[in-house]
$ cat coords-v4.cif   # mmCIF, C-alpha atoms
data_entry
loop_
_atom_site.label_atom_id
_atom_site.label_comp_id
_atom_site.auth_asym_id
_atom_site.auth_seq_id
_atom_site.Cartn_x
_atom_site.Cartn_y
_atom_site.Cartn_z
CA MET A 1413 1.36 6.57 -22.12
CA THR A 1414 -0.62 5.58 -19.02
CA GLU A 1415 -1.71 8.51 -16.88
CA ILE A 1416 0.01 8.75 -13.50
CA ILE A 1417 -2.52 9.42 -10.75
CA PRO A 1418 -1.11 11.83 -8.12
CA SER A 1419 -1.02 10.79 -4.48
CA PRO A 1420 -1.25 14.14 -2.67
CA ASN A 1421 -0.63 12.70 0.78
CA ILE A 1422 2.87 11.43 -0.03
CA TRP A 1423 3.66 13.65 -3.04
CA ASP A 1424 3.02 16.85 -1.11
CA THR A 1425 4.24 15.86 2.38
CA PRO A 1426 6.65 12.92 2.26
CA ASP A 1427 7.97 13.83 5.71
CA VAL A 1428 4.54 13.46 7.31
CA TYR A 1429 3.86 10.33 5.25
CA GLU A 1430 7.03 8.86 6.74
CA VAL A 1431 5.50 9.40 10.19
CA GLU A 1432 2.38 7.63 8.98
CA ASN A 1433 4.36 4.67 7.64
CA LEU A 1434 6.07 4.35 11.01
CA GLY A 1435 2.70 4.29 12.78
CA VAL A 1436 0.87 1.80 10.58
CA ASP A 1437 0.87 -1.84 11.70
CA ARG A 1438 3.69 -1.66 14.23
CA ALA A 1439 2.94 -5.27 15.12
CA HIS A 1440 3.76 -6.30 11.51
CA VAL A 1441 0.49 -8.19 11.08
CA ILE A 1442 0.52 -7.56 7.33
CA GLU A 1443 4.03 -8.91 6.76
CA ALA A 1444 3.28 -12.01 8.84
CA ALA A 1445 0.14 -12.71 6.83
CA MET A 1446 2.05 -12.25 3.57
CA ARG A 1447 4.77 -14.66 4.68
CA SER A 1448 2.14 -17.27 5.55
CA VAL A 1449 1.05 -17.16 1.90
CA ALA A 1450 4.45 -16.70 0.22
CA ASP A 1451 7.73 -15.87 1.92
CA TRP A 1452 10.14 -13.68 -0.04
CA ALA A 1453 13.33 -15.05 1.54
CA GLY A 1454 15.81 -15.84 -1.23
CA ARG A 1455 13.43 -14.64 -3.93
CA ASP A 1456 13.16 -11.71 -6.35
CA VAL A 1457 10.71 -9.05 -5.14
CA LEU A 1458 8.90 -6.19 -6.90
CA ASP A 1459 7.49 -3.29 -4.85
CA ILE A 1460 4.96 -1.37 -6.97
CA GLY A 1461 4.44 2.30 -6.13
CA CYS A 1462 7.24 2.11 -3.60
CA GLY A 1463 7.11 5.84 -2.78
CA THR A 1464 10.08 6.80 -0.64
CA GLY A 1465 11.07 3.13 -0.38
CA PHE A 1466 9.84 2.58 3.16
CA HIS A 1467 9.25 -1.15 2.66
CA LEU A 1468 12.31 -1.91 0.51
CA PRO A 1469 14.69 -2.60 3.44
CA ILE A 1470 12.15 -5.00 4.97
CA PHE A 1471 12.18 -7.11 1.82
CA ALA A 1472 15.92 -6.67 1.26
CA SER A 1473 16.77 -8.17 4.65
CA THR A 1474 16.03 -11.66 3.29
CA ALA A 1475 15.22 -11.41 -0.45
CA ARG A 1476 17.65 -12.23 -3.23
CA SER A 1477 16.83 -8.95 -5.00
CA VAL A 1478 14.33 -6.12 -4.62
CA LEU A 1479 13.15 -3.65 -7.24
CA GLY A 1480 11.04 -0.65 -6.27
CA VAL A 1481 9.11 1.12 -9.01
CA GLU A 1482 7.87 4.67 -8.43
CA PRO A 1483 6.61 7.05 -11.15
CA HIS A 1484 7.09 10.31 -9.22
CA PRO A 1485 10.74 11.42 -9.60
CA PRO A 1486 11.12 13.19 -6.20
CA LEU A 1487 9.89 10.09 -4.39
CA ALA A 1488 12.06 7.78 -6.50
CA LEU A 1489 15.06 9.90 -5.52
CA LEU A 1490 14.21 9.55 -1.82
CA ALA A 1491 13.80 5.80 -2.30
CA ARG A 1492 17.24 5.56 -3.92
CA GLN A 1493 18.75 7.48 -1.02
CA ARG A 1494 17.08 5.13 1.46
CA ILE A 1495 18.47 1.98 -0.15
CA SER A 1496 21.94 3.35 -0.85
CA GLY A 1497 24.46 0.69 0.17
CA MET A 1498 21.92 -2.15 -0.04
CA PRO A 1499 23.21 -4.22 -2.98
CA PRO A 1500 20.06 -6.34 -3.40
CA CYS A 1501 17.93 -3.19 -3.94
CA SER A 1502 17.31 -0.86 -6.87
CA VAL A 1503 14.66 1.69 -7.87
CA ARG A 1504 13.20 2.53 -11.28
CA GLU A 1505 11.07 5.53 -12.27
CA ASP A 1506 8.32 3.41 -13.79
CA GLY A 1507 4.58 3.24 -13.50
CA ALA A 1508 2.73 0.05 -12.63
CA ALA A 1509 1.54 -0.42 -16.22
CA SER A 1510 5.00 -0.27 -17.81
CA ILE A 1511 7.89 -1.76 -15.85
CA GLY A 1512 11.14 -1.87 -17.78
CA VAL A 1513 12.13 -5.45 -16.97
CA PRO A 1514 12.00 -8.72 -18.94
CA ASP A 1515 9.08 -11.13 -18.74
CA ASP A 1516 9.00 -13.56 -15.80
CA SER A 1517 11.31 -11.47 -13.57
CA PHE A 1518 9.76 -11.73 -10.09
CA ASP A 1519 8.62 -14.30 -7.56
CA VAL A 1520 6.81 -11.88 -5.22
CA ALA A 1521 5.11 -8.54 -5.92
CA HIS A 1522 3.83 -6.06 -3.35
CA ALA A 1523 1.55 -3.04 -3.84
CA ARG A 1524 0.50 -1.24 -0.66
CA TRP A 1525 -2.07 1.58 -0.77
CA SER A 1526 -1.68 1.66 -4.57
CA TYR A 1527 -4.89 0.05 -5.83
CA PHE A 1528 -7.69 1.41 -3.65
CA PHE A 1529 -10.37 1.59 -6.28
CA GLY A 1530 -10.10 -1.68 -8.20
CA PRO A 1531 -11.58 -0.69 -11.57
CA GLY A 1532 -8.95 1.30 -13.43
CA SER A 1533 -6.14 -0.95 -12.22
CA GLU A 1534 -6.40 -3.26 -15.23
CA PRO A 1535 -3.24 -2.01 -17.03
CA GLY A 1536 -1.18 -2.62 -13.90
CA LEU A 1537 -2.64 -6.10 -13.48
CA THR A 1538 -1.86 -6.91 -17.10
CA GLU A 1539 1.74 -5.88 -16.50
CA LEU A 1540 1.84 -8.11 -13.43
CA GLU A 1541 0.84 -11.03 -15.63
CA ARG A 1542 3.90 -10.30 -17.76
CA VAL A 1543 6.55 -9.79 -15.08
CA MET A 1544 5.55 -12.50 -12.59
CA ARG A 1545 7.13 -15.94 -12.82
CA PRO A 1546 4.93 -19.04 -12.92
CA GLY A 1547 4.20 -19.97 -9.31
CA GLY A 1548 4.91 -16.42 -8.10
CA THR A 1549 2.59 -14.50 -5.79
CA ALA A 1550 1.40 -10.89 -5.94
CA PHE A 1551 -0.01 -9.00 -2.95
CA VAL A 1552 -2.21 -5.91 -2.86
CA ILE A 1553 -2.94 -4.22 0.47
CA ASP A 1554 -5.76 -1.69 0.67
CA ASN A 1555 -8.30 -0.32 3.12
CA ASP A 1556 -11.25 -2.40 4.21
CA ALA A 1557 -13.75 0.43 4.26
CA THR A 1558 -16.55 -1.79 5.55
CA ARG A 1559 -15.28 -1.83 9.15
CA SER A 1560 -12.99 -0.27 11.78
CA THR A 1561 -12.79 3.28 13.06
CA PHE A 1562 -10.50 4.29 10.21
CA GLY A 1563 -12.87 2.62 7.74
CA SER A 1564 -15.73 4.77 9.00
CA TRP A 1565 -13.65 7.89 8.35
CA PHE A 1566 -12.79 6.62 4.87
CA ARG A 1567 -16.45 5.98 4.03
CA ARG A 1568 -17.52 9.40 5.27
CA SER A 1569 -14.79 11.18 3.31
CA LEU A 1570 -15.59 9.27 0.09
CA PRO A 1571 -19.36 8.73 0.13
CA HIS A 1572 -19.39 7.43 -3.46
CA TYR A 1573 -16.75 4.76 -2.76
CA ASP A 1574 -18.32 1.33 -3.32
CA ALA A 1575 -16.38 -1.17 -1.23
CA ARG A 1576 -18.48 -4.10 -2.45
CA ALA A 1577 -17.78 -3.22 -6.09
CA VAL A 1578 -14.06 -3.16 -5.31
CA GLU A 1579 -14.33 -6.58 -3.67
CA ARG A 1580 -16.15 -7.96 -6.72
CA PHE A 1581 -13.44 -6.52 -8.98
CA TRP A 1582 -10.64 -8.38 -7.23
CA ALA A 1583 -12.60 -11.62 -6.98
CA ARG A 1584 -13.46 -11.41 -10.69
CA HIS A 1585 -9.77 -11.15 -11.51
CA GLY A 1586 -8.91 -14.26 -9.52
CA TRP A 1587 -7.56 -12.70 -6.31
CA GLN A 1588 -8.12 -14.14 -2.84
CA ARG A 1589 -8.57 -12.07 0.29
CA GLU A 1590 -7.57 -12.17 3.92
CA ARG A 1591 -9.16 -9.58 6.22
CA LEU A 1592 -6.68 -8.18 8.71
CA ASP A 1593 -7.05 -6.06 11.84
CA ILE A 1594 -4.16 -3.70 12.47
CA ARG A 1595 -3.51 -0.47 14.36
CA TRP A 1596 -2.78 3.10 13.31
CA ASP A 1597 -0.75 4.40 16.27
CA PHE A 1598 1.54 7.40 16.73
CA ASP A 1599 3.98 8.63 19.33
CA SER A 1600 2.20 11.92 20.02
CA ARG A 1601 -1.03 13.81 19.47
CA GLU A 1602 0.93 16.17 17.23
CA ASP A 1603 1.89 13.28 14.92
CA PHE A 1604 -1.68 11.96 14.93
CA GLU A 1605 -3.08 15.35 13.93
CA ALA A 1606 -0.47 15.81 11.19
CA VAL A 1607 -1.22 12.42 9.63
CA VAL A 1608 -5.00 12.89 9.82
CA GLY A 1609 -4.40 16.23 8.09
CA ILE A 1610 -2.73 14.65 5.03
CA GLU A 1611 -5.21 11.80 4.69
CA PHE A 1612 -8.45 13.79 4.82
CA SER A 1613 -9.84 17.12 3.72
CA ALA A 1614 -9.58 19.98 6.18
CA ASP A 1615 -13.26 19.70 7.11
CA ASP A 1616 -13.12 15.92 7.58
CA ALA A 1617 -9.88 16.18 9.55
CA ASP A 1618 -11.39 18.78 11.90
CA LEU A 1619 -14.39 16.54 12.47
CA ILE A 1620 -12.23 13.46 13.14
CA LEU A 1621 -10.03 15.32 15.60
CA ALA A 1622 -13.04 16.79 17.39
CA GLU A 1623 -14.60 13.34 17.71
CA HIS A 1624 -11.36 11.88 19.10
CA PRO A 1625 -9.92 14.69 21.23
CA ASP A 1626 -7.35 12.60 23.08
CA ALA A 1627 -6.53 9.90 20.53
CA VAL A 1628 -3.06 9.11 19.24
CA GLY A 1629 -4.26 6.05 17.31
CA VAL A 1630 -7.25 3.94 16.26
CA ASP A 1631 -8.17 0.49 15.00
CA TYR A 1632 -7.72 -0.03 11.27
CA ALA A 1633 -8.93 -2.83 8.96
CA VAL A 1634 -7.24 -3.79 5.73
CA ASN A 1635 -7.71 -6.27 2.94
CA LEU A 1636 -4.74 -8.40 1.96
CA TRP A 1637 -5.47 -9.46 -1.60
CA TRP A 1638 -3.21 -12.09 -3.17
CA ARG A 1639 -2.95 -14.10 -6.34
CA ARG A 1640 -0.77 -16.98 -7.47
CA TYR A 1641 0.52 -16.94 -11.05
#

$ encode --input "coords-v4.cif" --output "structure tokens"
Amino acid sequence: MTEIIPSPNIWDTPDVYEVENLGVDRAHVIEAAMRSVADWAGRDVLDIGCGTGFHLPIFASTARSVLGVEPHPPLALLARQRISGMPPCSVREDGAASIGVPDDSFDVAHARWSYFFGPGSEPGLTELERVMRPGGTAFVIDNDATRSTFGSWFRRSLPHYDARAVERFWARHGWQRERLDIRWDFDSREDFEAVVGIEFSADDADLILAEHPDAVGVDYAVNLWWRRY
């Protein structure tokens, strides 16, 4: 059985993580870039590591069907509650490396903030090979730690993180990249402080907040990785 790696930010504080989801990319730059590569309208969509299901309604608004997979039972329950009454949507308590569906089930796959570190993701990528239909497209969204204000915080908090090694990993596995500039913006300083507090250690969070005493948001760079099957 593949080990499930905990995600303390959302596992421990799903309410604050909901605030973060609402504040990330309010201009929908990521979704627009995805659609320019492969639109999901009328297609079957897989959301890997869907958490509380935040993105499921976005896909369900135009997709033929949407399946969210989430290995952590409390989050899967919240995701099911979110999509209640949306017939195209369902949620399974599965990990990325073992999804209980037949081969060739999906046209579009989406994994956001699920594959930060590249190496170690191989079992999930092997499973993608199985469940994606020929001609389908998979997307992975992660931090671009080489730039942006948020990227500088990420690098400082994880000094051993090797962004170039992660880039080489995805390129080696046949993925293409689009660099995107988005925003991380919140409605209040209180929300900003709460979200910084779940994303960074207490010491790093204190330093970030001291360096940005009046901020309620910052610039944020991401990598949109994609691969055609």

$ resolve_selection --input "coords-v4.cif" --expression "the PyMOL selection byres ((chain A and resi 1598-1606) around 8)" --output "list in words"
Val1428, Val1431, Glu1432, Leu1434, Gly1435, Trp1596, Asp1597, Val1607, Val1608, Gly1609, Ile1610, Leu1621, Asp1626, Ala1627, Val1628 and Gly1629 of chain A

$ write_last_selection --input "coords-v4.cif" --atoms "C-alpha atoms" --output "PDB file, in the coordinates of the input"
ATOM      1  CA  VAL A1428       4.540  13.460   7.310  1.00  0.00           C
ATOM      2  CA  VAL A1431       5.500   9.400  10.190  1.00  0.00           C
ATOM      3  CA  GLU A1432       2.380   7.630   8.980  1.00  0.00           C
ATOM      4  CA  LEU A1434       6.070   4.350  11.010  1.00  0.00           C
ATOM      5  CA  GLY A1435       2.700   4.290  12.780  1.00  0.00           C
ATOM      6  CA  TRP A1596      -2.780   3.100  13.310  1.00  0.00           C
ATOM      7  CA  ASP A1597      -0.750   4.400  16.270  1.00  0.00           C
ATOM      8  CA  VAL A1607      -1.220  12.420   9.630  1.00  0.00           C
ATOM      9  CA  VAL A1608      -5.000  12.890   9.820  1.00  0.00           C
ATOM     10  CA  GLY A1609      -4.400  16.230   8.090  1.00  0.00           C
ATOM     11  CA  ILE A1610      -2.730  14.650   5.030  1.00  0.00           C
ATOM     12  CA  LEU A1621     -10.030  15.320  15.600  1.00  0.00           C
ATOM     13  CA  ASP A1626      -7.350  12.600  23.080  1.00  0.00           C
ATOM     14  CA  ALA A1627      -6.530   9.900  20.530  1.00  0.00           C
ATOM     15  CA  VAL A1628      -3.060   9.110  19.240  1.00  0.00           C
ATOM     16  CA  GLY A1629      -4.260   6.050  17.310  1.00  0.00           C
TER      17      GLY A1629
END

$ closest_residue --input "coords-v4.cif" --among "A:Glu1443, A:Trp1565, A:Ala1550, A:Trp1587" --to "Asp1615 in chain A" --atoms "all atoms listed in the file"
A:Trp1565

$ closest_residue --input "coords-v4.cif" --among "A:Phe1566, A:Phe1581, A:Tyr1632, A:Tyr1573" --to "Ser1533 in chain A" --atoms "all atoms listed in the file"
A:Phe1581

$ resolve_selection --input "coords-v4.cif" --expression "the PyMOL selection byres ((chain A and resi 1497-1508) around 6)" --output "list in words"
Ser1477, Val1478, Leu1479, Gly1480, Val1481, Glu1482, Pro1483, Ile1495, Ser1496, Ala1509, Ser1510, Ile1511 and Gly1536 of chain A

$ residues_around --input "coords-v4.cif" --residues "Gly1463 in chain A" --least-positions-apart "2" --cutoff "6 Å" --atoms "all atoms listed in the file" --output "list in words"
Gly1461, Gly1465, Glu1482 and Leu1487 of chain A

$ atom_distance --input "coords-v4.cif" --atom1 "CA of Thr1549 in chain A" --atom2 "CA of Phe1466 in chain A"
20.6 Å

$ resolve_selection --input "coords-v4.cif" --expression "the PyMOL selection byres ((chain A and resi 1563) around 12)" --output "ChimeraX atom specification"
/A:1554-1562,1564-1571,1573,1575,1593-1596,1630-1635

$ atom_distance --input "coords-v4.cif" --atom1 "CA of Val1457 in chain A" --atom2 "CA of Ala1521 in chain A"
5.7 Å

$ closest_residue --input "coords-v4.cif" --among "A:Cys1462, A:Ile1442, A:Ala1472, A:Ala1453" --to "His1484 in chain A" --atoms "all atoms listed in the file"
A:Cys1462

$ closest_residue --input "coords-v4.cif" --among "A:His1624, A:Asn1421, A:His1467, A:His1572" --to "Phe1529 in chain A" --atoms "all atoms listed in the file"
A:His1572

$ atom_distance --input "coords-v4.cif" --atom1 "CA of Phe1518 in chain A" --atom2 "CA of Ala1475 in chain A"
11.1 Å
